[in-house]
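> Structure below; questions to follow.
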Amino acid sequence: MQPWSIAAAAAAAPFPPLPPSWAHQIRVAASQGDFHHAIALFLRMRASDPAAACSSVLTSLPGALKSCAALGLRALGASLHALALRSGAFADRFAANALLNLYCKLPAPPSHSPEMDGSAVVLESVRKVFDEMPEKDVVSWNTLVLGCAESGRHGEALGLVREMWRDGCKPDSFTLSSVLPIFAEGADVRRGMELHGFATRNGFHDDVFVGSSLIDMYANCTRTDYSVKVFDNLPVRDAILWNSMLAGCAQNGSVDEALGLFRRMLHSGIKPMPVTFSSLIPACGNLASLLLGKQLHAYVIRGGFDGNVFISSSLIDMYCKCGNVSIARRIFDRIQSPDIVSWTAMIMGHALHGPAREALVLFDRMELGNLKPNHITFLAVLTACSHAGLVDKGWKYFNSMSDHYGIVPSLEHHAALADTLGRPGKLEEAYNFISGMKIKPTASVWSTLLRACKVHKNTVLAEEVAKKIFDLEPRSMGSHIILSNTYSSSGRWNEAAHLRKSMRKKGMQKEPACSWIEVKNKQHVFVAHDKSHPWYERIIDALNVFSEQMVRQGYVPNTDDVFQDIEEEQKNSVLCGHSEKLAIVFGIISTPPGTTIRVMKNLRVCVDCHTVTKFISKIVGREIVMRDANRFHHFKDGICSCGDFW
DNA sequence: CTAGGGTTAG
């Protein structure tokens, strides 16, 4: 006889494995994010297996409720609520918390009462569930705190934290990471640091969730130095945290820090992801550093990310901002299905670089593809109209916004149309347009007209417009300067001097004009009449040589923009010191023949510099790209892409 | 049953 053994018995007659229970399957599906499946299982159980449905209410309800919350199933959620009450499952912490979460996550229903909006109705039922809960724990509090924080009820969320504290329930890492984004949004670094202190004292500081909320909070408060410290102290840094750090730095202007992190990231063997690039590349655009941008583009290609629309759009934008619209266009043309952002970036690029009509050609092509323009697209289109001097089209696009697209024109759209009207000299029309606006025009809307008044030398209207601007914004620097220049250019030196004097009295100082150029990885900055650059003498010598050639070709200095009451002879020497001329000539004598010159300027280019640059581009046979405060100018063979209209 | 962190156009 064989000795009796369980193993032998099992081997002889193995039982088939038990089928997983309904409740188990529902829990697993819900926790894996397969909410439809979880709901389907729950409904099937209720219909086909009343006994199981009855015995596993407690264990299956949380998963089902979570799925309703995720899918926004209000009606089913309500019937589960009834079931929870009827079956007594509501007494259970887990089921009750899941119910609380459901009400927090459901979108606000349309409101029927005028006194109360939908979200207030929701909050009331949430609060009711919460108050009736027989047993509250930290999860219940956290659910409510998050619900308030996410629906913008910041004060209430913070009040709840105090309330839970008083109630003897200690905030934990969940609470912290729900509340920290409030201080991030409000850029309230003081209270953010208080929470950081609390986190440290209670051992939550190296929690990844808390850590990433802290990083985000400090970045939003433009304290990326603290972000980096928190980041460095975290024990575990997975890849996403790097990206979050990087984006935080890049978006808040700490580009050097972002690039440093990018290098460290590569060093630590963490592979860059598409988001890494779509947050870094725009930062290069904002620095207008073509060199850096090109290096990142090379990484993008090597990493095989060039098919990503986000990256392509950011590359288009970066190349446009760095002055290379043709590369941008090549990238755009290679996108299989450009989205609204890619189109808008490209339209804006053409609008800013010229010829601006190309922007409108693109817009029409986009519409043929049934892609719907949004308010930013219209901003780009209206910018194109103003730069191309297309008054009728400007009106047409402006009116079509509300007529065909249901987009309410914003202040920016109004400013763009006012500019479109004013630039070609339709000052009266622009004035009437601004006066008749449905929203109250701001100083910046009026100042587009003021600039137009200066260009068209209408001192009377300029004075009236300036008065409106100074009422709205008494210390508007730009407007003071434009008005003073308007006086000067019509020979009213006394009034100009008087205005300048009152500006000095108010302690207002003009922003000095400066231009800069990147040569051999180094930025060279030129301030007007600044002789400190080591090559200054050589630059002036070269400028004089160009001058002689220009005069032979018919150049006449334009002293309209010299706003001092001095002799013509002296005015010419004032013009010679303009920063953009210094930067351009430096670029020409310090780079090999044929190299494209890219110059940036903080203010708008003056008429004389514009003319001189056209001559120089022809004399040296080079393309010169200049970004001024308003747009890009491409000079080639004596012609500028702005069509002398800017 | 509760949490977070990422991206492009102005």
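Identifiers for the structure tokens are assigned positionally: chains receive A, B, ... in sequence, residues are indexed from 1 per chain, and ligands are indexed from 1 in the order shown.
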Give me, as a PyMOL selection string, all polymer residues having an atom no more than 12 Å from His404 of chain A, counting only C-alpha atoms (C1' of nucleotides) and skipping those fewer than 4 positions away in the same chain.
chain A and resi 372-374+396-400+408
> What does the file look like for those residues with N, CA and C atoms, as an mmCIF file, in the first residue's frame?

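Saved to result_20.cif:
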data_model
loop_
_atom_site.group_PDB
_atom_site.id
_atom_site.type_symbol
_atom_site.label_atom_id
_atom_site.label_comp_id
_atom_site.auth_asym_id
_atom_site.auth_seq_id
_atom_site.Cartn_x
_atom_site.Cartn_y
_atom_site.Cartn_z
ATOM 1 N N LYS A 372 -9.824 73.792 -38.103
ATOM 2 C CA LYS A 372 -10.451 75.017 -37.597
ATOM 3 C C LYS A 372 -9.444 75.956 -36.943
ATOM 4 N N PRO A 373 -9.365 77.189 -37.452
ATOM 5 C CA PRO A 373 -8.450 78.146 -36.813
ATOM 6 C C PRO A 373 -8.954 78.535 -35.429
ATOM 7 N N ASN A 374 -8.065 78.864 -34.527
ATOM 8 C CA ASN A 374 -8.470 79.333 -33.208
ATOM 9 C C ASN A 374 -8.032 80.791 -33.010
ATOM 10 N N LYS A 396 -11.851 91.726 -43.272
ATOM 11 C CA LYS A 396 -12.554 90.479 -43.615
ATOM 12 C C LYS A 396 -12.265 89.393 -42.577
ATOM 13 N N TYR A 397 -10.991 89.200 -42.251
ATOM 14 C CA TYR A 397 -10.647 88.159 -41.282
ATOM 15 C C TYR A 397 -11.182 88.507 -39.898
ATOM 16 N N PHE A 398 -11.061 89.785 -39.555
ATOM 17 C CA PHE A 398 -11.532 90.199 -38.229
ATOM 18 C C PHE A 398 -13.023 89.901 -38.072
ATOM 19 N N ASN A 399 -13.802 90.295 -39.087
ATOM 20 C CA ASN A 399 -15.252 90.061 -39.001
ATOM 21 C C ASN A 399 -15.608 88.579 -39.047
ATOM 22 N N SER A 400 -14.806 87.812 -39.812
ATOM 23 C CA SER A 400 -15.135 86.383 -39.938
ATOM 24 C C SER A 400 -14.937 85.634 -38.619
ATOM 25 N N VAL A 408 -14.649 85.226 -30.098
ATOM 26 C CA VAL A 408 -14.805 86.636 -29.720
ATOM 27 C C VAL A 408 -13.444 87.323 -29.812
#
> With only C-alpha atoms (C1' of nucleotides) as the counted atoms, please give the residues lying no more than 12 Å from segment 618-623 of chain A, apart from itself and same-chain residues fewer than 4 positions off, as a PyMOL selection string.
chain A and resi 323-324+542-543+545-553+584-585+587-589+591-599+611-614+633-641
> Within 8 Å of segment 6-10 of chain B, counting only C-alpha atoms (C1' of nucleotides), which residues qualify if same-chain residues fewer than 4 places away don't, as a PDB file with all heavy atoms, in the first residue's frame?

ATOM      1  N   ILE A 240      10.661  60.710 -15.778  1.00  0.00           N
ATOM      2  CA  ILE A 240       9.674  61.774 -15.931  1.00  0.00           C
ATOM      3  C   ILE A 240      10.000  62.971 -15.057  1.00  0.00           C
ATOM      4  O   ILE A 240       9.782  64.120 -15.424  1.00  0.00           O
ATOM      5  CB  ILE A 240       8.262  61.223 -15.614  1.00  0.00           C
ATOM      6  CG1 ILE A 240       7.883  60.219 -16.692  1.00  0.00           C
ATOM      7  CG2 ILE A 240       7.239  62.330 -15.574  1.00  0.00           C
ATOM      8  CD1 ILE A 240       6.537  59.596 -16.515  1.00  0.00           C
ATOM      9  N   ASN A 243      12.247  65.303 -16.791  1.00  0.00           N
ATOM     10  CA  ASN A 243      11.545  66.140 -17.753  1.00  0.00           C
ATOM     11  C   ASN A 243      10.772  67.250 -17.074  1.00  0.00           C
ATOM     12  O   ASN A 243      10.696  68.366 -17.580  1.00  0.00           O
ATOM     13  CB  ASN A 243      10.588  65.295 -18.592  1.00  0.00           C
ATOM     14  CG  ASN A 243      11.338  64.456 -19.584  1.00  0.00           C
ATOM     15  OD1 ASN A 243      12.273  64.940 -20.219  1.00  0.00           O
ATOM     16  ND2 ASN A 243      10.965  63.203 -19.699  1.00  0.00           N
ATOM     17  N   SER A 244      10.207  66.905 -15.918  1.00  0.00           N
ATOM     18  CA  SER A 244       9.442  67.901 -15.208  1.00  0.00           C
ATOM     19  C   SER A 244      10.347  69.038 -14.732  1.00  0.00           C
ATOM     20  O   SER A 244      10.020  70.213 -14.816  1.00  0.00           O
ATOM     21  CB  SER A 244       8.716  67.204 -14.065  1.00  0.00           C
ATOM     22  OG  SER A 244       8.680  67.964 -12.941  1.00  0.00           O
ATOM     23  N   ALA A 247      11.442  71.081 -17.884  1.00  0.00           N
ATOM     24  CA  ALA A 247      10.393  71.960 -18.400  1.00  0.00           C
ATOM     25  C   ALA A 247      10.201  73.153 -17.473  1.00  0.00           C
ATOM     26  O   ALA A 247      10.048  74.281 -17.934  1.00  0.00           O
ATOM     27  CB  ALA A 247       9.094  71.189 -18.546  1.00  0.00           C
ATOM     28  N   PRO A 274      10.420  62.561 -26.246  1.00  0.00           N
ATOM     29  CA  PRO A 274       9.915  63.664 -27.070  1.00  0.00           C
ATOM     30  C   PRO A 274       9.659  64.939 -26.267  1.00  0.00           C
ATOM     31  O   PRO A 274      10.030  66.019 -26.691  1.00  0.00           O
ATOM     32  CB  PRO A 274       8.615  63.104 -27.640  1.00  0.00           C
ATOM     33  CG  PRO A 274       8.852  61.648 -27.722  1.00  0.00           C
ATOM     34  CD  PRO A 274       9.748  61.294 -26.573  1.00  0.00           C
ATOM     35  N   VAL A 275       9.044  64.795 -25.062  1.00  0.00           N
ATOM     36  CA  VAL A 275       8.770  66.002 -24.275  1.00  0.00           C
ATOM     37  C   VAL A 275      10.026  66.759 -23.891  1.00  0.00           C
ATOM     38  O   VAL A 275       9.991  67.977 -23.718  1.00  0.00           O
ATOM     39  CB  VAL A 275       8.052  65.706 -22.950  1.00  0.00           C
ATOM     40  CG1 VAL A 275       6.590  65.780 -23.106  1.00  0.00           C
ATOM     41  CG2 VAL A 275       8.509  64.430 -22.351  1.00  0.00           C
ATOM     42  N   THR A 276      11.131  66.017 -23.712  1.00  0.00           N
ATOM     43  CA  THR A 276      12.375  66.681 -23.364  1.00  0.00           C
ATOM     44  C   THR A 276      12.682  67.765 -24.390  1.00  0.00           C
ATOM     45  O   THR A 276      13.047  68.880 -24.053  1.00  0.00           O
ATOM     46  CB  THR A 276      13.532  65.661 -23.365  1.00  0.00           C
ATOM     47  OG1 THR A 276      13.092  64.451 -22.765  1.00  0.00           O
ATOM     48  CG2 THR A 276      14.729  66.185 -22.637  1.00  0.00           C
ATOM     49  N   PHE A 277      12.508  67.397 -25.647  1.00  0.00           N
ATOM     50  CA  PHE A 277      12.835  68.339 -26.704  1.00  0.00           C
ATOM     51  C   PHE A 277      11.783  69.419 -26.888  1.00  0.00           C
ATOM     52  O   PHE A 277      12.112  70.572 -27.132  1.00  0.00           O
ATOM     53  CB  PHE A 277      13.046  67.583 -28.021  1.00  0.00           C
ATOM     54  CG  PHE A 277      14.262  66.719 -27.974  1.00  0.00           C
ATOM     55  CD1 PHE A 277      14.146  65.346 -27.815  1.00  0.00           C
ATOM     56  CD2 PHE A 277      15.520  67.280 -28.041  1.00  0.00           C
ATOM     57  CE1 PHE A 277      15.267  64.543 -27.741  1.00  0.00           C
ATOM     58  CE2 PHE A 277      16.652  66.501 -27.971  1.00  0.00           C
ATOM     59  CZ  PHE A 277      16.523  65.126 -27.821  1.00  0.00           C
ATOM     60  N   SER A 278      10.504  69.020 -26.734  1.00  0.00           N
ATOM     61  CA  SER A 278       9.511  70.062 -26.978  1.00  0.00           C
ATOM     62  C   SER A 278       9.457  71.070 -25.833  1.00  0.00           C
ATOM     63  O   SER A 278       8.811  72.091 -25.961  1.00  0.00           O
ATOM     64  CB  SER A 278       8.136  69.479 -27.285  1.00  0.00           C
ATOM     65  OG  SER A 278       7.821  68.439 -26.428  1.00  0.00           O
ATOM     66  N   SER A 279      10.153  70.804 -24.735  1.00  0.00           N
ATOM     67  CA  SER A 279      10.248  71.881 -23.750  1.00  0.00           C
ATOM     68  C   SER A 279      11.565  72.652 -23.874  1.00  0.00           C
ATOM     69  O   SER A 279      11.621  73.824 -23.557  1.00  0.00           O
ATOM     70  CB  SER A 279      10.043  71.376 -22.322  1.00  0.00           C
ATOM     71  OG  SER A 279      10.643  70.147 -22.106  1.00  0.00           O
ATOM     72  N   VAL A 309       4.814  65.656 -33.916  1.00  0.00           N
ATOM     73  CA  VAL A 309       4.252  66.976 -34.280  1.00  0.00           C
ATOM     74  C   VAL A 309       4.627  68.047 -33.260  1.00  0.00           C
ATOM     75  O   VAL A 309       4.897  69.193 -33.625  1.00  0.00           O
ATOM     76  CB  VAL A 309       2.714  66.942 -34.357  1.00  0.00           C
ATOM     77  CG1 VAL A 309       2.194  68.164 -35.075  1.00  0.00           C
ATOM     78  CG2 VAL A 309       2.253  65.702 -35.063  1.00  0.00           C
ATOM     79  N   PHE A 310       4.620  67.684 -31.977  1.00  0.00           N
ATOM     80  CA  PHE A 310       4.973  68.660 -30.943  1.00  0.00           C
ATOM     81  C   PHE A 310       6.375  69.204 -31.208  1.00  0.00           C
ATOM     82  O   PHE A 310       6.611  70.403 -31.154  1.00  0.00           O
ATOM     83  CB  PHE A 310       4.955  68.000 -29.560  1.00  0.00           C
ATOM     84  CG  PHE A 310       3.590  67.911 -28.952  1.00  0.00           C
ATOM     85  CD1 PHE A 310       2.576  67.217 -29.591  1.00  0.00           C
ATOM     86  CD2 PHE A 310       3.315  68.525 -27.745  1.00  0.00           C
ATOM     87  CE1 PHE A 310       1.311  67.128 -29.021  1.00  0.00           C
ATOM     88  CE2 PHE A 310       2.054  68.449 -27.165  1.00  0.00           C
ATOM     89  CZ  PHE A 310       1.048  67.743 -27.805  1.00  0.00           C
ATOM     90  N   ILE A 311       7.290  68.265 -31.493  1.00  0.00           N
ATOM     91  CA  ILE A 311       8.673  68.678 -31.717  1.00  0.00           C
ATOM     92  C   ILE A 311       8.795  69.489 -32.988  1.00  0.00           C
ATOM     93  O   ILE A 311       9.449  70.525 -33.022  1.00  0.00           O
ATOM     94  CB  ILE A 311       9.591  67.436 -31.756  1.00  0.00           C
ATOM     95  CG1 ILE A 311       9.602  66.789 -30.376  1.00  0.00           C
ATOM     96  CG2 ILE A 311      10.980  67.813 -32.193  1.00  0.00           C
ATOM     97  CD1 ILE A 311      10.503  65.603 -30.263  1.00  0.00           C
ATOM     98  N   SER A 312       8.118  69.039 -34.047  1.00  0.00           N
ATOM     99  CA  SER A 312       8.193  69.776 -35.301  1.00  0.00           C
ATOM    100  C   SER A 312       7.682  71.199 -35.130  1.00  0.00           C
ATOM    101  O   SER A 312       8.290  72.153 -35.618  1.00  0.00           O
ATOM    102  CB  SER A 312       7.381  69.072 -36.385  1.00  0.00           C
ATOM    103  OG  SER A 312       7.915  67.796 -36.618  1.00  0.00           O
ATOM    104  N   SER A 313       6.566  71.333 -34.411  1.00  0.00           N
ATOM    105  CA  SER A 313       6.024  72.676 -34.205  1.00  0.00           C
ATOM    106  C   SER A 313       7.003  73.548 -33.427  1.00  0.00           C
ATOM    107  O   SER A 313       7.181  74.724 -33.752  1.00  0.00           O
ATOM    108  CB  SER A 313       4.709  72.610 -33.437  1.00  0.00           C
ATOM    109  OG  SER A 313       3.763  71.888 -34.160  1.00  0.00           O
ATOM    110  N   SER A 314       7.634  72.950 -32.412  1.00  0.00           N
ATOM    111  CA  SER A 314       8.546  73.776 -31.628  1.00  0.00           C
ATOM    112  C   SER A 314       9.794  74.109 -32.448  1.00  0.00           C
ATOM    113  O   SER A 314      10.364  75.188 -32.290  1.00  0.00           O
ATOM    114  CB  SER A 314       8.905  73.110 -30.301  1.00  0.00           C
ATOM    115  OG  SER A 314       9.526  71.881 -30.518  1.00  0.00           O
ATOM    116  N   ASP A 317       8.855  76.997 -34.760  1.00  0.00           N
ATOM    117  CA  ASP A 317       8.844  78.244 -33.999  1.00  0.00           C
ATOM    118  C   ASP A 317      10.260  78.715 -33.681  1.00  0.00           C
ATOM    119  O   ASP A 317      10.594  79.881 -33.818  1.00  0.00           O
ATOM    120  CB  ASP A 317       8.047  78.019 -32.714  1.00  0.00           C
ATOM    121  CG  ASP A 317       7.907  79.302 -31.935  1.00  0.00           C
ATOM    122  OD1 ASP A 317       7.426  80.287 -32.526  1.00  0.00           O
ATOM    123  OD2 ASP A 317       8.287  79.336 -30.759  1.00  0.00           O
ATOM    124  N   ILE A 340      -3.166  72.244 -35.702  1.00  0.00           N
ATOM    125  CA  ILE A 340      -3.430  73.684 -35.710  1.00  0.00           C
ATOM    126  C   ILE A 340      -2.234  74.476 -35.186  1.00  0.00           C
ATOM    127  O   ILE A 340      -1.946  75.585 -35.644  1.00  0.00           O
ATOM    128  CB  ILE A 340      -4.721  74.008 -34.906  1.00  0.00           C
ATOM    129  CG1 ILE A 340      -5.127  75.472 -35.074  1.00  0.00           C
ATOM    130  CG2 ILE A 340      -4.575  73.670 -33.436  1.00  0.00           C
ATOM    131  CD1 ILE A 340      -5.511  75.846 -36.469  1.00  0.00           C
ATOM    132  N   VAL A 341      -1.479  73.850 -34.264  1.00  0.00           N
ATOM    133  CA  VAL A 341      -0.318  74.558 -33.719  1.00  0.00           C
ATOM    134  C   VAL A 341       0.768  74.719 -34.779  1.00  0.00           C
ATOM    135  O   VAL A 341       1.358  75.789 -34.927  1.00  0.00           O
ATOM    136  CB  VAL A 341       0.225  73.823 -32.478  1.00  0.00           C
ATOM    137  CG1 VAL A 341       1.466  74.508 -31.953  1.00  0.00           C
ATOM    138  CG2 VAL A 341      -0.839  73.763 -31.400  1.00  0.00           C
ATOM    139  N   SER A 342       1.018  73.648 -35.543  1.00  0.00           N
ATOM    140  CA  SER A 342       2.050  73.749 -36.586  1.00  0.00           C
ATOM    141  C   SER A 342       1.668  74.809 -37.619  1.00  0.00           C
ATOM    142  O   SER A 342       2.497  75.622 -38.023  1.00  0.00           O
ATOM    143  CB  SER A 342       2.243  72.416 -37.308  1.00  0.00           C
ATOM    144  OG  SER A 342       1.815  71.328 -36.551  1.00  0.00           O
ATOM    145  N   TRP A 343       0.402  74.775 -38.043  1.00  0.00           N
ATOM    146  CA  TRP A 343      -0.054  75.769 -39.025  1.00  0.00           C
ATOM    147  C   TRP A 343       0.111  77.179 -38.467  1.00  0.00           C
ATOM    148  O   TRP A 343       0.632  78.074 -39.139  1.00  0.00           O
ATOM    149  CB  TRP A 343      -1.533  75.551 -39.370  1.00  0.00           C
ATOM    150  CG  TRP A 343      -1.799  74.432 -40.332  1.00  0.00           C
ATOM    151  CD1 TRP A 343      -2.205  73.169 -40.041  1.00  0.00           C
ATOM    152  CD2 TRP A 343      -1.699  74.481 -41.772  1.00  0.00           C
ATOM    153  NE1 TRP A 343      -2.352  72.440 -41.190  1.00  0.00           N
ATOM    154  CE2 TRP A 343      -2.058  73.208 -42.261  1.00  0.00           C
ATOM    155  CE3 TRP A 343      -1.333  75.480 -42.684  1.00  0.00           C
ATOM    156  CZ2 TRP A 343      -2.078  72.902 -43.627  1.00  0.00           C
ATOM    157  CZ3 TRP A 343      -1.347  75.173 -44.044  1.00  0.00           C
ATOM    158  CH2 TRP A 343      -1.706  73.895 -44.500  1.00  0.00           C
ATOM    159  N   THR A 344      -0.337  77.355 -37.230  1.00  0.00           N
ATOM    160  CA  THR A 344      -0.283  78.697 -36.652  1.00  0.00           C
ATOM    161  C   THR A 344       1.155  79.187 -36.525  1.00  0.00           C
ATOM    162  O   THR A 344       1.458  80.343 -36.837  1.00  0.00           O
ATOM    163  CB  THR A 344      -0.970  78.708 -35.277  1.00  0.00           C
ATOM    164  OG1 THR A 344      -2.292  78.197 -35.428  1.00  0.00           O
ATOM    165  CG2 THR A 344      -1.046  80.099 -34.715  1.00  0.00           C
ATOM    166  N   ALA A 345       2.047  78.295 -36.090  1.00  0.00           N
ATOM    167  CA  ALA A 345       3.446  78.686 -35.939  1.00  0.00           C
ATOM    168  C   ALA A 345       4.021  79.115 -37.290  1.00  0.00           C
ATOM    169  O   ALA A 345       4.749  80.106 -37.389  1.00  0.00           O
ATOM    170  CB  ALA A 345       4.263  77.533 -35.358  1.00  0.00           C
ATOM    171  N   MET A 348       2.452  82.434 -38.473  1.00  0.00           N
ATOM    172  CA  MET A 348       3.059  83.525 -37.722  1.00  0.00           C
ATOM    173  C   MET A 348       4.479  83.792 -38.231  1.00  0.00           C
ATOM    174  O   MET A 348       4.891  84.943 -38.341  1.00  0.00           O
ATOM    175  CB  MET A 348       3.067  83.179 -36.227  1.00  0.00           C
ATOM    176  CG  MET A 348       3.399  84.348 -35.337  1.00  0.00           C
ATOM    177  SD  MET A 348       2.393  85.810 -35.649  1.00  0.00           S
ATOM    178  CE  MET A 348       1.714  86.098 -34.051  1.00  0.00           C
ATOM    179  N   ILE A 376      -5.516  82.120 -31.645  1.00  0.00           N
ATOM    180  CA  ILE A 376      -4.099  82.420 -31.901  1.00  0.00           C
ATOM    181  C   ILE A 376      -3.820  82.454 -33.404  1.00  0.00           C
ATOM    182  O   ILE A 376      -3.068  83.289 -33.892  1.00  0.00           O
ATOM    183  CB  ILE A 376      -3.190  81.390 -31.200  1.00  0.00           C
ATOM    184  CG1 ILE A 376      -3.527  81.328 -29.709  1.00  0.00           C
ATOM    185  CG2 ILE A 376      -1.739  81.748 -31.383  1.00  0.00           C
ATOM    186  CD1 ILE A 376      -2.794  80.262 -28.954  1.00  0.00           C
ATOM    187  N   THR A 377      -4.482  81.538 -34.135  1.00  0.00           N
ATOM    188  CA  THR A 377      -4.326  81.539 -35.581  1.00  0.00           C
ATOM    189  C   THR A 377      -4.749  82.892 -36.150  1.00  0.00           C
ATOM    190  O   THR A 377      -4.095  83.447 -37.034  1.00  0.00           O
ATOM    191  CB  THR A 377      -5.188  80.427 -36.203  1.00  0.00           C
ATOM    192  OG1 THR A 377      -5.126  79.274 -35.380  1.00  0.00           O
ATOM    193  CG2 THR A 377      -4.719  80.097 -37.601  1.00  0.00           C
ATOM    194  N   LEU A 379      -4.721  85.711 -34.622  1.00  0.00           N
ATOM    195  CA  LEU A 379      -3.732  86.713 -34.262  1.00  0.00           C
ATOM    196  C   LEU A 379      -2.611  86.718 -35.306  1.00  0.00           C
ATOM    197  O   LEU A 379      -2.150  87.775 -35.746  1.00  0.00           O
ATOM    198  CB  LEU A 379      -3.164  86.370 -32.881  1.00  0.00           C
ATOM    199  CG  LEU A 379      -2.788  87.522 -31.992  1.00  0.00           C
ATOM    200  CD1 LEU A 379      -3.923  88.511 -31.871  1.00  0.00           C
ATOM    201  CD2 LEU A 379      -2.409  86.985 -30.624  1.00  0.00           C
TER     202      LEU A 379
END
> Please identify the helix (DSSP H, G or I) residues within segment 392-565 of chain A (assignment by DSSP from backbone atoms) and present them as a PyMOL selection string.
chain A and resi 392-404+411-422+427-435+443-455+459-472+477-489+493-505+536-552
> Using Å and a single decimal, report how far atom CA of Gly478 of chain A sits from atom CA of Met508 of chain A.
10.6 Å
> Report, in Å with one decimal, the straight-line distance from atom CA of Gly197 of chain A to atom CA of Gly211 of chain A.
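We find that atom CA of Gly197 of chain A and atom CA of Gly211 of chain A lie 12.3 Å from each other.
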> Got a sec: who's within 12 Å of Ser254 of chain A, counting only C-alpha atoms (C1' of nucleotides), leaving out chain neighbours fewer than 3 positions off, as a PyMOL selection string?
chain A and resi 219-220+222-225+227-228+245-251+257-261+280+283-284+286-287
